[in-house]
>>> print(open('run-v1.csv').read())   # CSV, C-alpha atoms and all ligand atoms
chain,number,residue,atom,x,y,z
A,14,MET,CA,0.0,0.0,0.0
A,15,GLU,CA,1.3,3.5,-0.8
A,16,PHE,CA,1.5,5.6,2.3
A,17,LEU,CA,-0.3,8.9,2.6
A,18,THR,CA,2.4,11.2,3.8
A,19,PHE,CA,1.8,14.1,6.2
A,20,ALA,CA,4.2,17.0,7.0
A,21,LEU,CA,3.6,18.1,10.6
A,22,PRO,CA,5.2,21.1,12.2
A,23,LYS,CA,7.7,20.7,15.0
A,24,GLY,CA,7.1,23.1,18.0
A,25,ARG,CA,4.1,24.3,19.8
A,26,LEU,CA,1.5,23.0,17.3
A,27,LEU,CA,2.8,19.5,17.2
A,28,GLN,CA,1.2,18.1,20.3
A,29,PRO,CA,-2.4,19.3,19.7
A,30,VAL,CA,-2.1,18.3,16.0
A,31,VAL,CA,-0.9,14.8,16.8
A,32,GLU,CA,-3.7,14.4,19.4
A,33,LEU,CA,-6.3,15.5,16.9
A,34,PHE,CA,-5.1,13.2,14.2
A,35,ARG,CA,-4.9,10.2,16.6
A,36,ASP,CA,-8.4,10.9,17.9
A,37,ALA,CA,-9.6,11.0,14.3
A,38,GLY,CA,-7.9,7.6,13.7
A,39,VAL,CA,-5.6,9.0,10.9
A,40,PHE,CA,-2.6,7.4,12.6
A,41,THR,CA,-2.0,5.9,16.0
A,42,CYS,CA,1.8,5.5,16.1
A,43,GLU,CA,3.9,7.3,18.7
A,44,ILE,CA,5.1,10.6,17.4
A,45,SER,CA,7.5,12.7,19.5
A,46,GLU,CA,10.1,15.4,19.3
A,47,ASP,CA,12.0,13.7,22.2
A,48,THR,CA,14.0,11.6,19.7
A,49,ARG,CA,16.0,12.8,16.6
A,50,LYS,CA,13.7,10.7,14.5
A,51,LEU,CA,12.0,12.6,11.7
A,52,VAL,CA,10.0,9.9,9.9
A,53,PHE,CA,7.3,7.9,11.6
A,54,ASP,CA,5.4,5.1,9.7
A,55,ASP,CA,2.1,3.7,10.7
A,56,PRO,CA,1.5,0.8,8.2
A,57,ASP,CA,-1.8,-0.1,9.9
A,58,HIS,CA,-3.3,3.2,8.8
A,59,GLY,CA,-1.2,3.6,5.7
A,60,SER,CA,0.2,6.9,7.1
A,61,ARG,CA,3.7,8.3,7.1
A,62,VAL,CA,4.5,11.4,9.2
A,63,LEU,CA,7.4,13.7,8.5
A,64,LEU,CA,8.4,16.1,11.3
A,65,VAL,CA,9.6,19.4,9.7
A,66,LYS,CA,10.3,23.0,10.8
A,67,ALA,CA,7.0,24.8,10.9
A,68,THR,CA,7.9,27.3,8.2
A,69,ASP,CA,8.9,24.5,5.9
A,70,VAL,CA,5.6,22.6,5.9
A,71,PRO,CA,4.1,24.4,2.8
A,72,THR,CA,7.3,23.7,0.9
A,73,TYR,CA,7.2,20.0,1.5
A,74,VAL,CA,3.5,20.0,0.5
A,75,GLN,CA,3.9,22.1,-2.6
A,76,TYR,CA,6.8,19.9,-4.0
A,77,GLY,CA,4.8,16.7,-3.2
A,78,SER,CA,7.2,15.3,-0.6
A,79,ALA,CA,4.1,15.2,1.6
A,80,ASP,CA,0.5,14.8,0.3
A,81,LEU,CA,-0.9,16.7,3.2
A,82,GLY,CA,0.4,19.0,5.9
A,83,VAL,CA,-0.6,21.1,8.8
A,84,SER,CA,0.5,24.7,8.9
A,85,GLY,CA,-0.5,28.0,10.5
A,86,LYS,CA,-2.4,30.4,8.2
A,87,ASP,CA,0.3,32.9,9.0
A,88,VAL,CA,3.0,30.6,7.6
A,89,ILE,CA,0.9,29.6,4.5
A,90,ASP,CA,0.2,33.2,3.6
A,91,GLU,CA,3.8,34.3,4.1
A,92,SER,CA,5.2,31.3,2.1
A,93,ARG,CA,2.9,32.0,-0.9
A,94,LYS,CA,3.3,28.4,-1.8
A,95,ASP,CA,0.8,26.9,-4.2
A,96,VAL,CA,-1.1,24.4,-1.9
A,97,CYS,CA,-4.7,23.5,-1.5
A,98,GLU,CA,-6.2,24.7,1.8
A,99,LEU,CA,-8.7,22.2,3.0
A,100,LEU,CA,-9.7,22.7,6.6
A,101,ASP,CA,-9.4,25.1,9.5
A,102,LEU,CA,-8.3,22.9,12.4
A,103,ARG,CA,-9.3,25.5,14.9
A,104,ILE,CA,-6.1,25.0,17.0
A,105,GLY,CA,-3.1,27.2,17.4
A,106,ARG,CA,-5.4,30.2,17.2
A,107,CYS,CA,-3.6,33.6,17.3
A,108,ARG,CA,-3.8,37.1,15.9
A,109,PHE,CA,-1.5,39.1,13.7
A,110,ILE,CA,-1.1,42.5,15.3
A,111,VAL,CA,0.9,45.8,14.9
A,112,ALA,CA,2.5,46.8,18.2
A,113,VAL,CA,4.5,49.8,19.5
A,114,PRO,CA,6.1,50.6,22.8
A,115,GLU,CA,3.6,51.4,25.6
A,116,THR,CA,5.3,54.7,26.0
A,117,SER,CA,4.7,55.8,22.4
A,118,HIS,CA,2.1,58.5,21.7
A,119,VAL,CA,1.1,56.5,18.6
A,120,SER,CA,-2.3,54.8,19.0
A,121,SER,CA,-3.2,53.8,15.4
A,122,VAL,CA,-1.2,52.8,12.3
A,123,GLN,CA,-2.4,56.0,10.6
A,124,GLU,CA,-0.4,57.9,13.3
A,125,LEU,CA,2.9,56.2,12.4
A,126,SER,CA,5.4,58.6,10.7
A,127,CYS,CA,6.1,58.2,7.0
A,128,ASN,CA,8.8,55.5,6.4
A,129,SER,CA,8.5,54.2,10.0
A,130,ARG,CA,10.6,51.0,10.4
A,131,ILE,CA,8.5,47.8,11.0
A,132,ALA,CA,10.3,44.7,12.3
A,133,THR,CA,8.7,41.4,11.4
A,134,LYS,CA,9.1,37.7,10.6
A,135,TYR,CA,6.4,38.1,8.0
A,136,PRO,CA,7.6,40.7,5.5
A,137,TRP,CA,5.1,39.8,2.8
A,138,ILE,CA,2.1,40.0,5.1
A,139,ALA,CA,3.4,43.2,6.7
A,140,GLU,CA,4.1,44.9,3.4
A,141,ASN,CA,0.7,43.9,2.0
A,142,TYR,CA,-1.1,45.2,5.1
A,143,PHE,CA,0.6,48.6,5.1
A,144,ARG,CA,0.1,48.9,1.3
A,145,SER,CA,-3.6,48.1,1.7
A,146,MET,CA,-3.8,50.8,4.4
A,147,GLY,CA,-2.0,53.3,2.1
A,148,ILE,CA,0.8,53.8,4.6
A,149,GLN,CA,4.5,54.0,3.5
A,150,VAL,CA,6.8,52.0,5.8
A,151,GLU,CA,10.2,50.3,5.7
A,152,VAL,CA,9.9,46.6,6.6
A,153,VAL,CA,12.9,45.1,8.4
A,154,THR,CA,12.9,41.3,8.4
A,155,LEU,CA,14.1,39.4,11.5
A,156,SER,CA,13.8,35.7,12.3
A,157,GLY,CA,12.6,35.9,15.9
A,158,SER,CA,12.5,37.9,19.2
A,159,LEU,CA,10.9,40.8,17.4
A,160,GLU,CA,9.8,42.4,20.7
A,161,LEU,CA,13.4,43.5,21.2
A,162,ALA,CA,13.5,45.6,18.0
A,163,PRO,CA,11.6,48.7,19.3
A,164,ALA,CA,13.4,48.7,22.6
A,165,VAL,CA,16.8,49.0,21.0
A,166,GLY,CA,15.8,51.5,18.3
A,167,LEU,CA,15.9,49.0,15.4
A,168,ALA,CA,12.2,49.5,14.6
A,169,ASP,CA,9.3,51.8,15.5
A,170,ALA,CA,6.7,49.0,15.5
A,171,ILE,CA,6.4,45.3,15.0
A,172,VAL,CA,4.1,43.1,13.0
A,173,ASP,CA,3.9,39.7,14.8
A,174,ILE,CA,1.5,37.1,16.0
A,175,THR,CA,0.2,37.0,19.6
A,176,GLU,CA,-1.5,34.3,21.4
A,177,THR,CA,-1.7,35.0,25.1
A,178,GLY,CA,-0.3,38.6,24.9
A,179,ARG,CA,2.3,37.7,27.5
A,180,THR,CA,5.3,38.4,25.3
A,181,LEU,CA,4.0,41.8,24.3
A,182,SER,CA,3.2,42.8,27.9
A,183,GLU,CA,6.5,41.5,29.3
A,184,ASN,CA,8.3,43.7,26.7
A,185,CYS,CA,6.2,46.8,27.3
A,186,LEU,CA,4.5,46.8,23.9
A,187,LYS,CA,0.9,47.8,23.1
A,188,ILE,CA,-1.3,46.7,20.2
A,189,ILE,CA,-2.4,49.5,17.8
A,190,ALA,CA,-4.0,47.4,15.1
A,191,GLU,CA,-5.3,43.9,14.2
A,192,VAL,CA,-4.0,42.6,10.9
A,193,GLN,CA,-5.7,39.2,10.6
A,194,PRO,CA,-6.5,36.1,12.7
A,195,SER,CA,-4.6,32.9,12.2
A,196,SER,CA,-5.0,29.2,13.1
A,197,ALA,CA,-3.7,25.8,11.9
A,198,ARG,CA,-4.9,24.6,8.5
A,199,LEU,CA,-4.9,21.2,6.8
A,200,ILE,CA,-3.2,21.7,3.4
A,201,ALA,CA,-2.8,19.4,0.4
A,202,ASN,CA,-0.5,19.0,-2.5
A,203,ARG,CA,-2.5,19.9,-5.7
A,204,VAL,CA,-1.4,16.7,-7.6
A,205,SER,CA,-2.0,14.4,-4.7
A,206,TYR,CA,-5.4,16.1,-4.3
A,207,ARG,CA,-6.4,14.9,-7.7
A,208,SER,CA,-4.7,11.5,-7.7
A,209,ARG,CA,-5.6,10.5,-4.1
A,210,ARG,CA,-8.7,12.6,-3.7
A,211,ASN,CA,-10.8,10.0,-1.9
A,212,ASP,CA,-8.1,9.2,0.6
A,213,ILE,CA,-7.4,12.9,1.2
A,214,LEU,CA,-11.1,13.8,1.6
A,215,ASP,CA,-11.5,10.9,4.0
A,216,VAL,CA,-8.8,12.3,6.2
A,217,ALA,CA,-10.3,15.8,6.0
A,218,ARG,CA,-13.8,14.4,6.8
A,219,ARG,CA,-12.5,12.4,9.8
A,220,LEU,CA,-10.8,15.5,11.2
A,221,GLU,CA,-13.8,17.7,10.6
A,222,GLU,CA,-16.1,15.2,12.3
A,223,ARG,CA,-13.7,14.8,15.2
A,224,LEU,CA,-13.6,18.6,15.5
A,225,ALA,CA,-17.4,18.7,15.6
A,226,GLY,CA,-17.5,15.9,18.1
A,227,ARG,CA,-19.6,13.8,15.8
A,228,ILE,CA,-17.5,10.6,15.7
A,229,GLU,CA,-18.8,9.2,19.0
A,230,SER,CA,-22.4,10.2,18.6
A,231,GLY,CA,-22.5,8.6,15.1
A,232,ARG,CA,-24.1,11.7,13.7
A,233,GLY,CA,-23.0,13.1,10.4
A,234,GLY,CA,-24.5,14.1,7.1
A,235,GLY,CA,-24.5,17.4,5.4
A,236,GLU,CA,-21.6,18.9,3.5
A,237,CYS,CA,-18.2,19.1,5.2
A,238,ALA,CA,-16.2,22.3,4.9
A,239,CYS,CA,-13.5,20.2,3.2
A,240,GLU,CA,-16.0,19.4,0.4
A,241,ALA,CA,-16.8,23.0,-0.1
A,242,ALA,CA,-13.0,23.7,-0.3
A,243,ASP,CA,-12.8,20.8,-2.7
A,244,ARG,CA,-15.4,22.3,-5.1
A,245,GLN,CA,-13.6,25.7,-4.9
A,246,SER,CA,-10.2,24.1,-5.6
A,247,ILE,CA,-11.5,22.2,-8.6
A,248,ALA,CA,-13.2,25.3,-9.9
A,249,SER,CA,-9.9,27.3,-9.6
A,250,ASP,CA,-8.0,24.5,-11.3
A,251,ASP,CA,-10.3,24.4,-14.3
A,301,LIG,C1,5.7,33.9,18.8
A,301,LIG,C2,5.6,35.4,18.5
A,301,LIG,C3,5.7,36.0,19.8
A,301,LIG,C4,5.1,35.0,20.8
A,301,LIG,C5,3.7,35.4,21.1
A,301,LIG,O1,7.1,33.6,18.9
A,301,LIG,O2,6.5,35.8,17.5
A,301,LIG,O3,7.1,36.3,20.1
A,301,LIG,O4,5.0,33.8,20.1
A,301,LIG,O5,3.1,34.5,22.0
A,301,LIG,P1,2.3,35.1,23.3
A,301,LIG,O6,1.3,36.1,22.9
A,301,LIG,O7,1.5,33.8,23.8
A,301,LIG,O8,3.3,35.6,24.3
A,301,LIG,P2,7.6,32.2,19.0
A,301,LIG,O9,7.3,31.5,20.3
A,301,LIG,O10,7.1,31.4,17.8
A,301,LIG,O11,9.2,32.4,19.0
A,301,LIG,P3,10.2,33.4,18.2
A,301,LIG,O12,9.9,34.8,18.7
A,301,LIG,O13,11.5,33.0,18.5
A,301,LIG,O14,9.9,33.3,16.7
>>> encode(input="run-v1.csv", output="structure tokens")
Amino acid sequence: MEFLTFALPKGRLLQPVVELFRDAGVFTCEISEDTRKLVFDDPDHGSRVLLVKATDVPTYVQYGSADLGVSGKDVIDESRKDVCELLDLRIGRCRFIVAVPETSHVSSVQELSCNSRIATKYPWIAENYFRSMGIQVEVVTLSGSLELAPAVGLADAIVDITETGRTLSENCLKIIAEVQPSSARLIANRVSYRSRRNDILDVARRLEERLAGRIESGRGGGECACEAADRQSIASDD
């Protein structure tokens, strides 16, 4: 049997994602970051799991090394990879925000001076956002610890994700704008989506039913969101 291959993100999303997939019966093998192992096979379920860096998931899926993957909406948008987004897994929810030092007189993005420097890990999303707002800024790309940038004069503001708000408050930053919400999504390789459509839709349906708590109660019926995404994807391919 040919494995259905999943690229899952290492880091904070991994545990809730593995729990969801196990509860949905997609695979049941032990998957852990405690070892250096990166490939986990579950022959009983025909599943192979690859553990990859969160920002690389869309790349593995676009190039077909994985048929399916789980990635934050933030990472998918920033990567601009050509993948098929099937389902909002409703975990890893966070918000994209613009933040400035608490001591700043600025309370909205419109009040930022022309050519303000914006530090971010998400240059495409940040540039797109400020362009859409008609505000001229200079985007400085960093790979982490963005909250430091305003404190040391590297940037006037940051565009980042926030979940609990703790990192912002511990670094004396305040939110001045919401850019977009984000959460983990199930994505598929476009070729796999055509060649293994039934297998992929079966996984998406199991996950969706699990999310809706319908597996135990035996309820079901109606169109799944993944089927709506399916129709949309087919329409955009044709
Ligand atoms: C993300 C983000 C913030 C933090 C926000 O960073 O860039 O720094 O989480 O979370 P909170 O609102 O719950 O405090 P991540 O942990 O991915 O690490 P990084 O800064 O090294 O990229």
>>> closest_residue(input="run-v1.csv", among="A:Phe40, A:Tyr142, A:Phe53, A:Phe19", to="A:Asn202", atoms="only C-alpha atoms")
A:Phe19
>>> atom_distance(input="run-v1.csv", atom1="atom CA of A:Ala20", atom2="atom O13 of ligand LIG 301 (chain A)")
21.0 Å
>>> residues_around(input="run-v1.csv", residues="stretch 208-221 of chain A", least_positions_apart="3", cutoff="7 Å", atoms="all atoms listed in the file", output="number ranges by chain")
A: 34, 37, 39, 100, 204-205, 224-225, 237, 239
>>> residues_around(input="run-v1.csv", residues="A:Val31", least_positions_apart="3", cutoff="12 Å", atoms="all atoms listed in the file", output="count of residues only")
32
>>> closest_residue(input="run-v1.csv", among="A:Ile110, A:Gln75, A:Lys94, A:Ala162", to="A:Gly178", atoms="all atoms listed in the file")
A:Ile110
>>> closest_atom_pairs(input="run-v1.csv", of="chain A", to="ligand LIG 301 (chain A)", cutoff="9 Å", atoms="all atoms listed in the file", output="Markdown table")
| residue | atom | partner | partner_atom | distance |
| --- | --- | --- | --- | --- |
| A:Gly24 | CA | A:LIG301 | O10 | 8.3 |
| A:Arg25 | CA | A:LIG301 | O9 | 7.9 |
| A:Cys107 | CA | A:LIG301 | O6 | 7.8 |
| A:Arg108 | CA | A:LIG301 | O6 | 8.7 |
| A:Thr133 | CA | A:LIG301 | O2 | 8.6 |
| A:Lys134 | CA | A:LIG301 | O14 | 7.6 |
| A:Ser156 | CA | A:LIG301 | O14 | 6.4 |
| A:Gly157 | CA | A:LIG301 | O14 | 3.8 |
| A:Ser158 | CA | A:LIG301 | O12 | 4.1 |
| A:Leu159 | CA | A:LIG301 | O12 | 6.2 |
| A:Glu160 | CA | A:LIG301 | O3 | 6.7 |
| A:Val172 | CA | A:LIG301 | O2 | 8.9 |
| A:Asp173 | CA | A:LIG301 | O2 | 5.4 |
| A:Ile174 | CA | A:LIG301 | C2 | 5.1 |
| A:Thr175 | CA | A:LIG301 | O6 | 3.6 |
| A:Glu176 | CA | A:LIG301 | O6 | 3.7 |
| A:Thr177 | CA | A:LIG301 | O7 | 3.7 |
| A:Gly178 | CA | A:LIG301 | O6 | 3.6 |
| A:Arg179 | CA | A:LIG301 | O8 | 4.0 |
| A:Thr180 | CA | A:LIG301 | O8 | 3.6 |
| A:Leu181 | CA | A:LIG301 | O8 | 6.2 |
| A:Ser182 | CA | A:LIG301 | O8 | 8.1 |
| A:Glu183 | CA | A:LIG301 | O8 | 8.4 |
>>> residues_around(input="run-v1.csv", residues="A:Val152", least_positions_apart="5", cutoff="10 Å", atoms="all atoms listed in the file", output="PyMOL selection string")
chain A and resi 128-137+139-140+143+168+170-172
>>> closest_residue(input="run-v1.csv", among="A:Cys97, A:Val122, A:Val192, A:Val113", to="A:Arg207", atoms="all atoms listed in the file")
A:Cys97
>>> closest_residue(input="run-v1.csv", among="A:Ser60, A:Ile200, A:Gln149, A:Glu222", to="A:Thr72", atoms="all atoms listed in the file")
A:Ile200
>>> atom_distance(input="run-v1.csv", atom1="atom CA of A:Ala197", atom2="atom CA of A:Arg223")
15.2 Å
>>> closest_residue(input="run-v1.csv", among="A:Leu155, A:Ile188, A:Val65, A:Leu167", to="A:Thr116", atoms="all atoms listed in the file")
A:Ile188
>>> residues_around(input="run-v1.csv", residues="A:Ser84", least_positions_apart="4", cutoff="7 Å", atoms="all atoms listed in the file", output="PyMOL selection string")
chain A and resi 22+67+70+88-89+197-199
>>> decode(input="run-v1.csv", residues="stretch 63-96 of chain A", atoms="C-alpha atoms", output="compact mmCIF listing (two decimals), in the first residue's frame")
# COMPACT_ATOMS: atom_id res chain seq x y z
CA LEU A 63 7.40 13.73 8.54
CA LEU A 64 8.39 16.15 11.30
CA VAL A 65 9.59 19.37 9.72
CA LYS A 66 10.30 22.95 10.75
CA ALA A 67 6.96 24.80 10.94
CA THR A 68 7.90 27.33 8.25
CA ASP A 69 8.91 24.52 5.85
CA VAL A 70 5.58 22.63 5.87
CA PRO A 71 4.11 24.44 2.81
CA THR A 72 7.33 23.74 0.87
CA TYR A 73 7.18 19.98 1.54
CA VAL A 74 3.53 20.00 0.47
CA GLN A 75 3.94 22.15 -2.65
CA TYR A 76 6.77 19.94 -3.97
CA GLY A 77 4.83 16.75 -3.21
CA SER A 78 7.21 15.29 -0.61
CA ALA A 79 4.10 15.24 1.56
CA ASP A 80 0.54 14.75 0.30
CA LEU A 81 -0.89 16.67 3.25
CA GLY A 82 0.43 19.04 5.87
CA VAL A 83 -0.58 21.14 8.84
CA SER A 84 0.53 24.73 8.91
CA GLY A 85 -0.49 28.01 10.52
CA LYS A 86 -2.43 30.36 8.25
CA ASP A 87 0.32 32.92 8.97
CA VAL A 88 2.99 30.57 7.59
CA ILE A 89 0.89 29.58 4.55
CA ASP A 90 0.17 33.21 3.60
CA GLU A 91 3.76 34.30 4.11
CA SER A 92 5.17 31.35 2.13
CA ARG A 93 2.86 32.01 -0.87
CA LYS A 94 3.26 28.35 -1.80
CA ASP A 95 0.75 26.85 -4.20
CA VAL A 96 -1.11 24.42 -1.95
